[in-house]
Each structure stands twice: as structure tokens, then as C-alpha cells.
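Colleague: This one is work.tsv, TSV, C-alpha atoms.
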```tsv
chain	number	residue	atom	x	y	z
C	706	MET	CA	-9.69	62.42	5.12
C	707	SER	CA	-9.36	63.80	1.60
C	708	CYS	CA	-6.66	62.61	-0.76
C	709	SER	CA	-5.03	66.03	-1.10
C	710	LYS	CA	-4.48	66.26	2.65
C	711	LEU	CA	-2.73	62.91	2.65
C	712	GLU	CA	-0.49	63.55	-0.36
C	713	THR	CA	2.54	64.69	1.61
C	714	ASP	CA	2.24	61.71	3.95
C	715	ILE	CA	1.93	59.38	0.97
C	716	ALA	CA	5.10	60.90	-0.49
C	717	LEU	CA	6.89	60.15	2.78
C	718	TYR	CA	5.32	56.72	3.06
C	719	ALA	CA	6.50	55.75	-0.41
C	720	GLY	CA	10.07	56.45	0.63
C	721	GLY	CA	9.85	54.89	4.08
C	722	ASP	CA	10.16	58.29	5.77
C	723	LEU	CA	6.75	58.51	7.40
C	724	PRO	CA	6.88	58.46	11.22
C	725	PRO	CA	5.40	55.16	12.47
C	726	GLY	CA	2.51	56.85	14.21
C	727	ARG	CA	1.13	58.15	10.89
C	728	VAL	CA	1.54	54.96	8.89
C	729	PRO	CA	-1.75	53.24	9.83
C	730	ARG	CA	-3.85	56.16	8.65
C	731	VAL	CA	-2.06	56.26	5.28
C	732	GLU	CA	-2.29	52.50	4.81
C	733	ALA	CA	-5.97	52.54	5.64
C	734	HIS	CA	-6.55	55.23	3.03
C	735	LEU	CA	-4.48	53.44	0.39
C	736	GLY	CA	-6.55	50.35	1.00
C	737	LYS	CA	-9.67	52.05	-0.25
C	738	CYS	CA	-8.37	54.70	-2.72
C	739	ALA	CA	-7.10	53.51	-6.09
C	740	ASP	CA	-5.90	56.98	-7.12
C	741	CYS	CA	-3.68	57.30	-4.07
C	742	ARG	CA	-2.37	53.76	-4.56
C	743	ALA	CA	-1.40	54.80	-8.08
C	744	LEU	CA	0.26	57.91	-6.68
C	745	ALA	CA	2.25	55.81	-4.23
C	746	GLU	CA	3.34	53.51	-7.05
C	747	GLU	CA	4.43	56.44	-9.20
C	748	LEU	CA	6.41	57.86	-6.33
C	749	ARG	CA	8.13	54.53	-5.73
C	750	ALA	CA	9.00	54.26	-9.42
C	751	GLU	CA	10.40	57.76	-9.33
C	752	GLN	CA	12.55	56.88	-6.32
C	753	ALA	CA	13.90	53.86	-8.13
C	754	LEU	CA	14.98	56.13	-10.96
C	755	LEU	CA	16.57	58.55	-8.52
C	756	SER	CA	18.56	55.78	-6.89
C	757	GLU	CA	19.75	54.69	-10.33
C	758	LEU	CA	21.31	58.12	-10.78
C	759	ARG	CA	23.71	57.15	-8.00
C	760	ASP	CA	24.94	54.21	-10.02
C	761	GLU	CA	25.44	56.09	-13.25
C	762	PRO	CA	29.11	55.89	-14.13
C	763	LEU	CA	31.17	59.04	-14.15
C	764	GLU	CA	33.71	59.51	-16.87
C	765	ASP	CA	37.17	58.60	-15.63
C	766	ALA	CA	38.59	61.57	-17.50
C	767	MET	CA	36.33	63.91	-15.60
C	768	VAL	CA	37.42	62.48	-12.25
C	769	ALA	CA	41.08	62.54	-13.26
C	770	GLN	CA	40.79	66.14	-14.39
C	771	VAL	CA	39.43	67.19	-11.00
C	772	ARG	CA	42.19	65.29	-9.22
C	773	GLN	CA	44.88	66.96	-11.31
C	774	ARG	CA	43.40	70.35	-10.59
C	775	VAL	CA	43.25	69.66	-6.85
C	776	LEU	CA	46.87	68.53	-6.74
C	777	ALA	CA	48.09	71.39	-8.91
C	778	GLU	CA	46.26	73.96	-6.82
C	779	ALA	CA	47.48	72.44	-3.57
C	780	ARG	CA	51.03	72.44	-4.87
C	781	ARG	CA	50.77	76.00	-6.18
C	782	ALA	CA	49.34	77.38	-2.97
C	783	GLY	CA	51.62	75.29	-0.77
C	784	PHE	CA	48.74	74.38	1.45
C	785	THR	CA	49.56	72.80	4.75
C	786	PRO	CA	46.99	70.89	6.74
C	787	ARG	CA	46.08	72.95	9.77
C	788	GLY	CA	48.02	72.00	12.87
C	789	ALA	CA	51.07	70.73	10.99
C	790	LEU	CA	52.94	74.02	11.36
C	791	ALA	CA	52.40	74.48	15.07
C	792	PRO	CA	55.53	72.58	16.26
C	793	LEU	CA	57.77	74.41	13.78
C	794	LEU	CA	56.40	77.78	14.69
C	795	ALA	CA	56.81	77.03	18.36
C	796	LEU	CA	60.44	76.09	17.71
C	797	ALA	CA	61.01	79.32	15.81
C	798	ALA	CA	59.49	81.31	18.64
C	799	ALA	CA	61.68	79.51	21.17
C	800	LEU	CA	64.79	80.28	19.10
C	801	VAL	CA	63.95	83.95	18.93
C	802	LEU	CA	63.24	84.06	22.63
C	803	ALA	CA	66.52	82.34	23.45
C	804	VAL	CA	68.45	84.86	21.34
C	805	VAL	CA	66.70	87.77	22.99
C	806	LEU	CA	67.33	86.46	26.48
C	807	ALA	CA	70.99	85.79	25.72
C	808	TRP	CA	71.51	89.40	24.61
C	809	PRO	CA	71.79	91.51	27.72
C	810	ARG	CA	74.15	94.17	26.33
C	811	HIS	CA	72.06	95.41	23.46
C	812	ARG	CA	68.63	94.38	24.56
C	813	SER	CA	67.36	97.91	24.78
C	814	GLY	CA	68.18	98.66	21.15
C	815	ALA	CA	67.17	95.32	19.74
C	816	ALA	CA	64.08	94.63	21.76
C	817	PRO	CA	61.45	96.17	19.52
C	818	ARG	CA	62.57	94.27	16.44
C	819	ALA	CA	63.11	91.01	18.32
C	820	ALA	CA	59.82	91.37	20.06
C	821	ALA	CA	58.10	91.95	16.77
C	822	ALA	CA	59.66	88.84	15.30
C	823	SER	CA	58.83	86.81	18.37
C	824	HIS	CA	55.30	88.10	18.38
C	825	ALA	CA	54.83	87.17	14.75
C	826	ALA	CA	56.11	83.66	15.33
C	827	GLN	CA	54.07	83.14	18.46
C	828	ALA	CA	50.96	84.52	16.84
C	829	GLY	CA	51.48	82.10	13.99
C	830	ALA	CA	51.87	79.19	16.38
C	831	GLY	CA	48.73	80.12	18.22
C	832	ARG	CA	46.46	80.67	15.24
C	833	GLY	CA	47.70	78.19	12.67
C	834	PRO	CA	48.68	78.72	9.06
C	835	ALA	CA	46.28	81.59	8.53
C	836	ALA	CA	48.28	83.62	11.03
C	837	ALA	CA	51.50	82.39	9.52
C	838	TYR	CA	50.35	83.58	6.12
C	839	GLY	CA	49.72	86.91	7.75
C	840	ALA	CA	53.36	87.06	8.82
C	841	ALA	CA	54.55	86.11	5.35
C	842	PRO	CA	55.34	89.66	4.16
C	843	LEU	CA	58.35	89.57	6.50
C	844	ALA	CA	59.91	86.90	4.30
C	845	ARG	CA	62.46	87.77	1.60
C	846	LYS	CA	63.52	86.01	-1.56
C	847	SER	CA	67.09	85.38	-0.48
C	848	ARG	CA	67.72	82.43	1.74
C	849	HIS	CA	70.17	84.25	3.99
C	850	HIS	CA	69.50	87.92	4.11
C	851	VAL	CA	71.48	90.25	6.41
C	852	ARG	CA	70.62	93.84	7.02
C	853	ARG	CA	71.94	96.39	9.41
C	854	ALA	CA	69.79	97.35	12.35
C	855	PRO	CA	68.88	101.02	12.30
C	856	THR	CA	70.21	101.77	15.78
C	857	ALA	CA	73.16	104.17	15.63
C	858	GLN	CA	74.58	103.38	19.05
C	859	PRO	CA	78.03	101.80	19.34
C	860	GLY	CA	78.03	98.15	18.43
C	861	PRO	CA	74.51	97.90	16.95
C	862	PRO	CA	73.35	94.34	16.49
C	863	LEU	CA	72.77	92.88	13.09
C	864	LEU	CA	69.37	91.42	12.38
C	865	VAL	CA	69.87	88.14	10.56
C	866	GLN	CA	66.87	86.77	8.81
C	867	PHE	CA	66.76	83.10	7.91
C	868	VAL	CA	64.17	82.14	5.35
C	869	THR	CA	63.29	78.47	5.49
C	870	ASP	CA	61.88	76.27	2.79
C	871	ASP	CA	58.52	76.99	4.21
C	872	PRO	CA	57.55	80.55	3.28
C	873	ASN	CA	55.55	80.78	6.46
C	874	ILE	CA	58.54	80.36	8.75
C	875	VAL	CA	61.12	83.08	9.10
C	876	ILE	CA	63.74	82.96	11.86
C	877	TYR	CA	65.30	86.19	13.11
C	878	TRP	CA	68.69	86.21	14.83
C	879	LEU	CA	70.35	89.20	16.43
C	880	VAL	CA	74.13	89.10	16.01
C	881	ASP	CA	76.61	91.17	17.99
C	882	GLN	CA	79.01	93.41	16.05
C	883	LYS	CA	82.42	94.59	16.99
C	884	PRO	CA	82.22	98.11	18.37
C	885	GLN	CA	82.87	100.68	15.67
C	886	GLY	CA	86.47	101.87	15.51
C	887	ASP	CA	87.94	98.57	16.76
B	609	MET	CA	31.62	54.38	1.87
B	610	GLU	CA	33.36	52.07	-0.53
B	611	PRO	CA	36.47	53.07	-2.44
B	612	GLU	CA	35.51	54.36	-5.84
B	613	GLY	CA	38.77	55.79	-7.09
B	614	ILE	CA	42.34	55.01	-7.86
B	615	ALA	CA	45.15	55.36	-5.32
B	616	LEU	CA	46.97	58.65	-5.62
B	617	PRO	CA	50.75	58.77	-5.91
B	618	MET	CA	52.28	60.00	-2.65
B	619	THR	CA	54.87	62.07	-4.49
B	620	ALA	CA	52.15	64.18	-5.97
B	621	TYR	CA	51.68	66.03	-2.68
B	622	PRO	CA	53.57	69.10	-1.68
B	623	ARG	CA	53.74	68.27	2.03
B	624	GLU	CA	55.86	65.68	3.70
B	625	ASN	CA	53.59	64.88	6.60
B	626	SER	CA	53.04	61.32	5.47
B	627	GLY	CA	50.23	60.61	7.92
B	628	GLU	CA	48.07	63.45	6.74
B	629	VAL	CA	49.01	62.94	3.11
B	630	ALA	CA	48.03	59.30	3.41
B	631	ALA	CA	44.75	60.27	5.04
B	632	PHE	CA	44.04	62.78	2.28
B	633	GLU	CA	44.91	60.23	-0.36
B	634	ARG	CA	42.61	57.69	1.17
B	635	ILE	CA	39.68	60.05	1.60
B	636	MET	CA	39.98	61.47	-1.89
B	637	SER	CA	40.19	58.02	-3.42
B	638	GLN	CA	37.12	56.92	-1.51
B	639	CYS	CA	34.99	60.00	-1.95
B	640	GLU	CA	35.96	61.90	-5.10
B	641	ARG	CA	33.36	60.25	-7.29
B	642	ARG	CA	30.65	60.65	-4.70
B	643	VAL	CA	31.42	64.33	-4.22
B	644	LEU	CA	31.52	64.91	-7.97
B	645	ARG	CA	28.26	63.05	-8.45
B	646	VAL	CA	26.45	65.06	-5.78
B	647	ALA	CA	27.85	68.28	-7.24
B	648	LEU	CA	26.61	67.23	-10.68
B	649	ARG	CA	23.12	66.60	-9.34
B	650	LEU	CA	23.03	69.85	-7.42
B	651	LEU	CA	24.52	72.06	-10.14
B	652	ASN	CA	23.48	70.19	-13.27
B	653	ASN	CA	26.58	71.42	-15.05
B	654	PRO	CA	29.78	69.37	-15.43
B	655	GLN	CA	32.15	72.33	-15.37
B	656	ASP	CA	30.58	73.81	-12.25
B	657	ALA	CA	30.54	70.38	-10.63
B	658	GLN	CA	34.26	69.99	-11.29
B	659	ASP	CA	34.93	73.43	-9.82
B	660	ALA	CA	32.87	72.55	-6.77
B	661	THR	CA	34.64	69.22	-6.28
B	662	GLN	CA	38.02	70.90	-6.55
B	663	GLU	CA	37.05	73.44	-3.90
B	664	VAL	CA	35.67	70.74	-1.60
B	665	PHE	CA	38.92	68.75	-1.65
B	666	LEU	CA	41.11	71.80	-1.26
B	667	ARG	CA	39.09	72.68	1.83
B	668	LEU	CA	39.51	69.13	3.03
B	669	TYR	CA	43.26	69.39	2.56
B	670	ARG	CA	43.41	72.64	4.49
B	671	HIS	CA	41.25	71.40	7.35
B	672	LEU	CA	42.42	67.82	7.55
B	673	GLY	CA	44.28	68.38	10.81
B	674	ASN	CA	41.15	69.72	12.47
B	675	LEU	CA	38.78	66.96	11.44
B	676	ASP	CA	37.91	64.13	13.76
B	677	GLU	CA	38.47	60.92	11.83
B	678	ALA	CA	36.50	58.94	14.40
B	679	ARG	CA	33.34	60.81	13.40
B	680	GLY	CA	33.91	60.03	9.73
B	681	TYR	CA	34.59	62.44	6.91
B	682	GLU	CA	31.47	61.80	4.88
B	683	PRO	CA	29.12	64.15	6.74
B	684	TRP	CA	31.72	66.92	6.57
B	685	LEU	CA	32.29	66.29	2.86
B	686	TYR	CA	28.57	66.27	2.09
B	687	ARG	CA	28.03	69.45	4.09
B	688	VAL	CA	30.88	71.28	2.37
B	689	THR	CA	29.75	69.99	-1.02
B	690	VAL	CA	26.24	71.33	-0.48
B	691	ASN	CA	27.59	74.69	0.72
B	692	VAL	CA	30.09	75.05	-2.12
B	693	CYS	CA	27.47	74.11	-4.70
B	694	ARG	CA	25.04	76.61	-3.21
B	695	ASP	CA	27.67	79.36	-3.47
B	696	ILE	CA	28.53	78.46	-7.04
B	697	ALA	CA	24.86	78.31	-8.02
B	698	ARG	CA	24.23	81.73	-6.51
B	699	ALA	CA	27.26	83.21	-8.21
B	700	ARG	CA	26.11	81.72	-11.48
B	701	ARG	CA	22.65	83.21	-11.02
B	702	ARG	CA	24.24	86.57	-10.35
B	703	SER	CA	26.42	86.34	-13.42
B	704	VAL	CA	23.78	85.12	-15.83
B	705	GLY	CA	20.75	86.75	-14.29
B	706	LEU	CA	17.73	84.55	-13.85
B	707	MET	CA	18.42	82.38	-16.84
B	708	GLU	CA	17.04	78.92	-16.70
B	709	VAL	CA	19.45	76.22	-15.68
B	710	PRO	CA	20.74	74.69	-18.91
B	711	GLU	CA	19.43	71.34	-19.92
B	712	PRO	CA	21.76	68.49	-19.12
B	713	ALA	CA	23.41	66.77	-21.99
B	714	ALA	CA	21.50	63.85	-23.39
B	715	PRO	CA	22.44	60.66	-21.61
B	716	GLN	CA	24.66	58.18	-23.33
B	717	PRO	CA	23.12	54.85	-22.46
B	718	ASP	CA	25.63	52.07	-22.59
B	719	ALA	CA	24.82	48.68	-23.93
B	720	CYS	CA	23.59	47.47	-20.54
B	721	HIS	CA	20.80	50.00	-20.18
B	722	ASP	CA	17.83	50.17	-22.41
B	723	ALA	CA	17.02	53.47	-24.04
B	724	GLU	CA	13.64	53.83	-22.40
B	725	ARG	CA	15.06	53.58	-18.89
B	726	ALA	CA	17.78	56.05	-19.77
B	727	GLN	CA	15.14	58.42	-21.09
B	728	GLN	CA	13.19	58.14	-17.85
B	729	ARG	CA	16.31	58.94	-15.86
B	730	GLU	CA	16.90	61.93	-18.07
B	731	ILE	CA	13.40	63.19	-17.31
B	732	VAL	CA	14.00	62.77	-13.59
B	733	ARG	CA	17.31	64.57	-13.92
B	734	ARG	CA	15.61	67.50	-15.59
B	735	GLY	CA	12.96	67.50	-12.92
B	736	LEU	CA	15.65	67.64	-10.24
B	737	SER	CA	17.17	70.71	-11.85
B	738	ARG	CA	13.84	72.52	-11.56
B	739	LEU	CA	13.45	72.01	-7.85
B	740	GLY	CA	14.33	74.73	-5.40
B	741	GLU	CA	17.82	74.74	-3.91
B	742	LYS	CA	16.92	73.28	-0.51
B	743	GLU	CA	14.41	70.76	-1.82
B	744	ARG	CA	16.90	69.54	-4.41
B	745	ALA	CA	19.66	69.17	-1.83
B	746	ALA	CA	17.38	67.22	0.51
B	747	LEU	CA	16.13	64.94	-2.26
B	748	VAL	CA	19.58	64.29	-3.73
B	749	LEU	CA	20.98	63.35	-0.34
B	750	ARG	CA	17.98	61.24	0.63
B	751	ASP	CA	16.87	59.54	-2.58
B	752	VAL	CA	19.95	59.61	-4.78
B	753	GLU	CA	22.63	59.16	-2.14
B	754	GLY	CA	20.45	57.02	0.08
B	755	LEU	CA	21.22	58.78	3.35
B	756	SER	CA	18.76	58.62	6.23
B	757	THR	CA	16.52	61.54	7.09
B	758	ARG	CA	18.55	62.10	10.24
B	759	GLU	CA	21.82	62.17	8.29
B	760	VAL	CA	20.38	64.60	5.77
B	761	ALA	CA	19.14	66.83	8.58
B	762	GLY	CA	22.61	66.82	10.14
B	763	ILE	CA	24.27	67.71	6.84
B	764	LEU	CA	21.83	70.49	5.98
B	765	GLY	CA	21.70	71.84	9.51
B	766	SER	CA	17.92	71.40	9.62
B	767	SER	CA	15.50	69.47	11.78
B	768	GLU	CA	14.26	66.07	10.64
B	769	ASN	CA	10.76	67.50	10.33
B	770	THR	CA	12.03	70.20	7.98
B	771	VAL	CA	13.84	67.61	5.88
B	772	ARG	CA	10.71	65.44	5.72
B	773	SER	CA	8.72	68.41	4.56
B	774	GLN	CA	11.32	69.24	1.91
B	775	ILE	CA	11.57	65.73	0.53
B	776	SER	CA	7.82	65.15	0.44
B	777	THR	CA	7.33	68.42	-1.40
B	778	ALA	CA	10.21	67.64	-3.74
B	779	ARG	CA	8.91	64.15	-4.51
B	780	LEU	CA	5.47	65.48	-5.37
B	781	LYS	CA	6.86	68.27	-7.53
B	782	LEU	CA	9.11	65.83	-9.32
B	783	ARG	CA	6.22	63.47	-9.89
B	784	ASP	CA	4.12	66.32	-11.31
B	785	PHE	CA	6.96	67.35	-13.61
B	786	THR	CA	7.65	63.86	-14.89
B	787	GLY	CA	3.93	63.19	-15.28
B	788	ARG	CA	3.46	66.34	-17.36
B	789	LEU	CA	6.48	65.60	-19.50
B	790	VAL	CA	5.47	62.00	-20.11
B	791	ARG	CA	1.91	63.03	-20.99
B	792	ARG	CA	3.22	65.70	-23.36
B	793	ARG	CA	5.51	63.23	-25.11
B	794	SER	CA	2.83	60.58	-25.40
```
What would the structure in this file look like if it were written as C-alpha cells?

Modeller:
Amino acid sequence: MSCSKLETDIALYAGGDLPPGRVPRVEAHLGKCADCRALAEELRAEQALLSELRDEPLEDAMVAQVRQRVLAEARRAGFTPRGALAPLLALAAALVLAVVLAWPRHRSGAAPRAAAASHAAQAGAGRGPAAAYGAAPLARKSRHHVRRAPTAQPGPPLLVQFVTDDPNIVIYWLVDQKPQGD
Amino acid sequence: MEPEGIALPMTAYPRENSGEVAAFERIMSQCERRVLRVALRLLNNPQDAQDATQEVFLRLYRHLGNLDEARGYEPWLYRVTVNVCRDIARARRRSVGLMEVPEPAAPQPDACHDAERAQQREIVRRGLSRLGEKERAALVLRDVEGLSTREVAGILGSSENTVRSQISTARLKLRDFTGRLVRRRS
């Protein structure tokens, strides 16, 4: 077999990557071809140089700079490892559900808003932080923000919005009001 | 994979989940230099390599809860490193057109390495930067990082036969390049 047809096998042989079934043919050729033996030697020398690249020291400053950037970016973005938020979101969803169930008098007026809040929390629990980020626009700057529900019926409930330390978790609470005129 | 870095301070992390923070700290300490080194070899540009390494570890931080520690983090890290470097290289090509990859800075041989060996490594480094994207990734993982053909195939999402073909082609191209350069210099 000609040298050119064996070149790719010699390149694999030099690095120990040639399948065992093809080794005898290459070794037989190397035994009688000085040019291919030289090629194999050059390839081995080249591999030695490549492996030395692994041992080249990296500048500590370069590594430290990357580490600082990773930490700063993680802190800035408030990343949370996926899965860590699931228990908290489930708790928030349970709280919302409990409030809704314990509100028989005004359920008809409050249901859409409560359901929306519950849905957002449950969706976040089911899909992880990405979903929670999606619910983030509901959050407000203030830590304890109260706004009046738009329903005009007697005794409309107040929608209380608790913003936690985690911007991804917002807890909604419907609060009964005294009937107007009391 | 042996530890190659310095322990990170726990307080530096924004989360309080100590288990995951500790895992992240450990993995980053063990792997940051390896990831940076691979990124340097694939991108041949220190700034791009730093950007790539940053992105790799931010992805690790985001996905830590979903990774199976029993299977080891190294294959995941290598795979993400290769993908991030590929994206950065493509973006760079888009932004600078088809400009040639810049030459790496001249090596700074320390007292323990002789100048001739350092020069040979520099030639090999230049040769690496001229290989195609896939051939370079296969050769860096196999011959620089010392992974097995099977591991490289798993990381690159290719068959072992494809990886063998890539590394044999890459080795021969590299040998041609270094041979030409050495002949020209001599």
C-alpha cells in the first residue's frame, strides 16, 4: 500500500488512536519505509509539544480576573441555581390558595386577581427560575405595597402584595374591608 | 481532575444555599484553569478566552441544581466550553469579517524552559489557530487535554470514527504547517 494512503492511519498510530485491527498493517509498513517512520516520529514530537501546552502556567491575575467577573455577574444578576426556588414558590402558591379558599364572601370579585397570582406562583414553581423571572414584572419596589381592588361592590377586598427579598417571589393576600358606610 | 485553583470565599456568593454554593466553589476551584486554558487554545485570544470562561461558569451556576454530580462535571464543562467558544468565534468572525486570527503573543519562557522549546511550542500554537473549528476542538481535547477518543466524541457529540478522522487530519495539517515554518526559518 502506498504511503499516502497510510498517512491518516500513521497519524492515529502515533497518538495511540488506531483501532487494534489496523495496527499490524501500519507497523509492517513502518518497518520497511524510512519516510513514514520519520513522519511517525515527527507526529510524536508534535504531540509532545501539544501536551506541553497543557502544562503551561496561566497568569494568576488572569484567573483571578475571571473569577471576580463571574462573582460580580452572579451577584448582579442574582442568579439562583435551578431547583432552589421550587420549595419557596410552592409555599407561596399554597399561601395564595389558602387565602382564596378562606374567602367565601368575596370570592366572586377577587377570584380573577387571586387566580392570576396563584397561577403565576404555580407556573414559577413548575418551570423554575426562568418562569419566576417571567412573573417578575408583578413585583414592586416597596416592600409592603397595598392597593385597592377595582371592584366597586360593597366591601371590596384589598389586594396586599408582599415583596420578599427574592425579586422572584411575590405573595398576594386578599384582605377583607369593612363595608362602606360602617 | 486535580484542584488547580484557590478556595473561594463563601461570602462572595449571593445565595445562601450552602450546599450548592460549596459545590460551585469546589468545581470552580478545580476547573477554572482548565476551562480558561481550553478557551485560550480554542480562541487564541486572552480577552475572548476570559469572556468564554466567565460565561461557562455563569452557566454552571445557573444549572448546578440540574447537573448530576455522580456523572462528573468535567464532560459538561468541556462541552459548554467548546460551545461557548464556538459562539464567540463566530460572533468575532461576523464582527471583523474574515480577518485572520491574530497571532498569539510571543511566549515568555521562564527560566526552566529553554528558548528553543518555547519557540517550538509557539509554532504549534500558531498551527493550532489555523486549523478548522472542529479539527481544532478535537485536537485540543485529545492531544492537549489528554482525553480519550471516546470522551472527546461524547463532548463534541460526534462518533468516535468522526473524532479519529478529525484528529488524524488535524495532526497531519499541523505537521505540514510546522514543517513549512521550520523550513522557512532555517

Colleague: Which one of B:Ala723, B:Ala745, B:Leu739, B:Leu648 sits closest to Asn691 (chain B) if you count only C-alpha atoms?

Modeller: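 Nearest candidate to Asn691 (chain B) out of B:Ala723, B:Ala745, B:Leu739, B:Leu648: B:Ala745.
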
Colleague: Report as an mmCIF file with C-alpha atoms, keeping the file's coordinate frame the set of chain B residues whose atoms approach chain C to within 8 Å, with distances computed over only C-alpha atoms.

Modeller:
```cif
data_model
loop_
_atom_site.group_PDB
_atom_site.id
_atom_site.type_symbol
_atom_site.label_atom_id
_atom_site.label_comp_id
_atom_site.auth_asym_id
_atom_site.auth_seq_id
_atom_site.Cartn_x
_atom_site.Cartn_y
_atom_site.Cartn_z
ATOM 1 C CA ALA B 620 52.150 64.180 -5.970
ATOM 2 C CA TYR B 621 51.680 66.030 -2.680
ATOM 3 C CA PRO B 622 53.570 69.100 -1.680
ATOM 4 C CA ARG B 623 53.740 68.270 2.030
ATOM 5 C CA ASN B 625 53.590 64.880 6.600
ATOM 6 C CA GLU B 628 48.070 63.450 6.740
ATOM 7 C CA GLU B 640 35.960 61.900 -5.100
ATOM 8 C CA ARG B 641 33.360 60.250 -7.290
ATOM 9 C CA LEU B 644 31.520 64.910 -7.970
ATOM 10 C CA ARG B 645 28.260 63.050 -8.450
ATOM 11 C CA GLN B 658 34.260 69.990 -11.290
ATOM 12 C CA ASP B 659 34.930 73.430 -9.820
ATOM 13 C CA THR B 661 34.640 69.220 -6.280
ATOM 14 C CA GLN B 662 38.020 70.900 -6.550
ATOM 15 C CA GLU B 663 37.050 73.440 -3.900
ATOM 16 C CA PHE B 665 38.920 68.750 -1.650
ATOM 17 C CA LEU B 666 41.110 71.800 -1.260
ATOM 18 C CA TYR B 669 43.260 69.390 2.560
ATOM 19 C CA ARG B 670 43.410 72.640 4.490
ATOM 20 C CA HIS B 671 41.250 71.400 7.350
ATOM 21 C CA LEU B 672 42.420 67.820 7.550
ATOM 22 C CA GLY B 673 44.280 68.380 10.810
ATOM 23 C CA ASN B 674 41.150 69.720 12.470
ATOM 24 C CA GLN B 728 13.190 58.140 -17.850
ATOM 25 C CA ARG B 729 16.310 58.940 -15.860
ATOM 26 C CA VAL B 732 14.000 62.770 -13.590
ATOM 27 C CA ASP B 751 16.870 59.540 -2.580
ATOM 28 C CA VAL B 752 19.950 59.610 -4.780
ATOM 29 C CA GLU B 753 22.630 59.160 -2.140
ATOM 30 C CA GLY B 754 20.450 57.020 0.080
ATOM 31 C CA THR B 757 16.520 61.540 7.090
ATOM 32 C CA ARG B 772 10.710 65.440 5.720
ATOM 33 C CA SER B 773 8.720 68.410 4.560
ATOM 34 C CA ILE B 775 11.570 65.730 0.530
ATOM 35 C CA SER B 776 7.820 65.150 0.440
ATOM 36 C CA THR B 777 7.330 68.420 -1.400
ATOM 37 C CA ARG B 779 8.910 64.150 -4.510
ATOM 38 C CA LEU B 780 5.470 65.480 -5.370
ATOM 39 C CA ARG B 783 6.220 63.470 -9.890
#
```

Colleague: Rank nothing, just name the residue among B:Asp676, B:Asn652, B:Gly765, B:Glu741 nearest to Arg698 (chain B), using only C-alpha atoms.

Modeller: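 The closest residue to Arg698 (chain B) is B:Glu741.
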
Colleague: Can you measure CA of Gln774 (chain B) to CA of Ala647 (chain B) for me? One decimal in Å is fine.

Modeller: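 Separating CA of Gln774 (chain B) from CA of Ala647 (chain B) is a distance of 18.9 Å.
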
Colleague: May I ask for the distance between CA of Met636 (chain B) and CA of Lys742 (chain B), given in Å to one decimal place?

Modeller: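 Computing the Euclidean distance for CA of Met636 (chain B) and CA of Lys742 (chain B) yields 25.9 Å.
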
Colleague: Taking every listed atom of region 736-748 of chain C and adding 4 Å to each side, what centre and edge lengths in Å (one decimal) does the axis-aligned box have, as JSON?

Modeller:
```
{"center_x": -1.6, "center_y": 54.1, "center_z": -4.1, "size_x": 24.1, "size_y": 15.6, "size_z": 18.2}
```

Colleague: Between CA of Glu633 (chain B) and CA of Leu755 (chain B), measure the distance and give it in Å to one decimal.

Modeller: 24.0 Å

Colleague: Skip Val760 (chain B) itself and residues of its chain fewer than 3 positions away, then list as a list in words all residues within 9 Å of it, counting only C-alpha atoms.

Modeller: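 Contacts, with the query itself left out: Pro683, Ala745, Ala746, Leu749, Arg750, Leu755, Ser756, Thr757, Ile763, Leu764, Gly765, Ser766, Glu768 and Val771 of chain B.
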
Colleague: Dump C-alpha atoms for the selected residues as a PDB file, keeping the file's coordinate frame?

Modeller:
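Printed below is out23.pdb as written:
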```pdb
ATOM      1  CA  PRO B 683      29.120  64.150   6.740  1.00  0.00           C
ATOM      2  CA  ALA B 745      19.660  69.170  -1.830  1.00  0.00           C
ATOM      3  CA  ALA B 746      17.380  67.220   0.510  1.00  0.00           C
ATOM      4  CA  LEU B 749      20.980  63.350  -0.340  1.00  0.00           C
ATOM      5  CA  ARG B 750      17.980  61.240   0.630  1.00  0.00           C
ATOM      6  CA  LEU B 755      21.220  58.780   3.350  1.00  0.00           C
ATOM      7  CA  SER B 756      18.760  58.620   6.230  1.00  0.00           C
ATOM      8  CA  THR B 757      16.520  61.540   7.090  1.00  0.00           C
ATOM      9  CA  ILE B 763      24.270  67.710   6.840  1.00  0.00           C
ATOM     10  CA  LEU B 764      21.830  70.490   5.980  1.00  0.00           C
ATOM     11  CA  GLY B 765      21.700  71.840   9.510  1.00  0.00           C
ATOM     12  CA  SER B 766      17.920  71.400   9.620  1.00  0.00           C
ATOM     13  CA  GLU B 768      14.260  66.070  10.640  1.00  0.00           C
ATOM     14  CA  VAL B 771      13.840  67.610   5.880  1.00  0.00           C
TER      15      VAL B 771
END
```
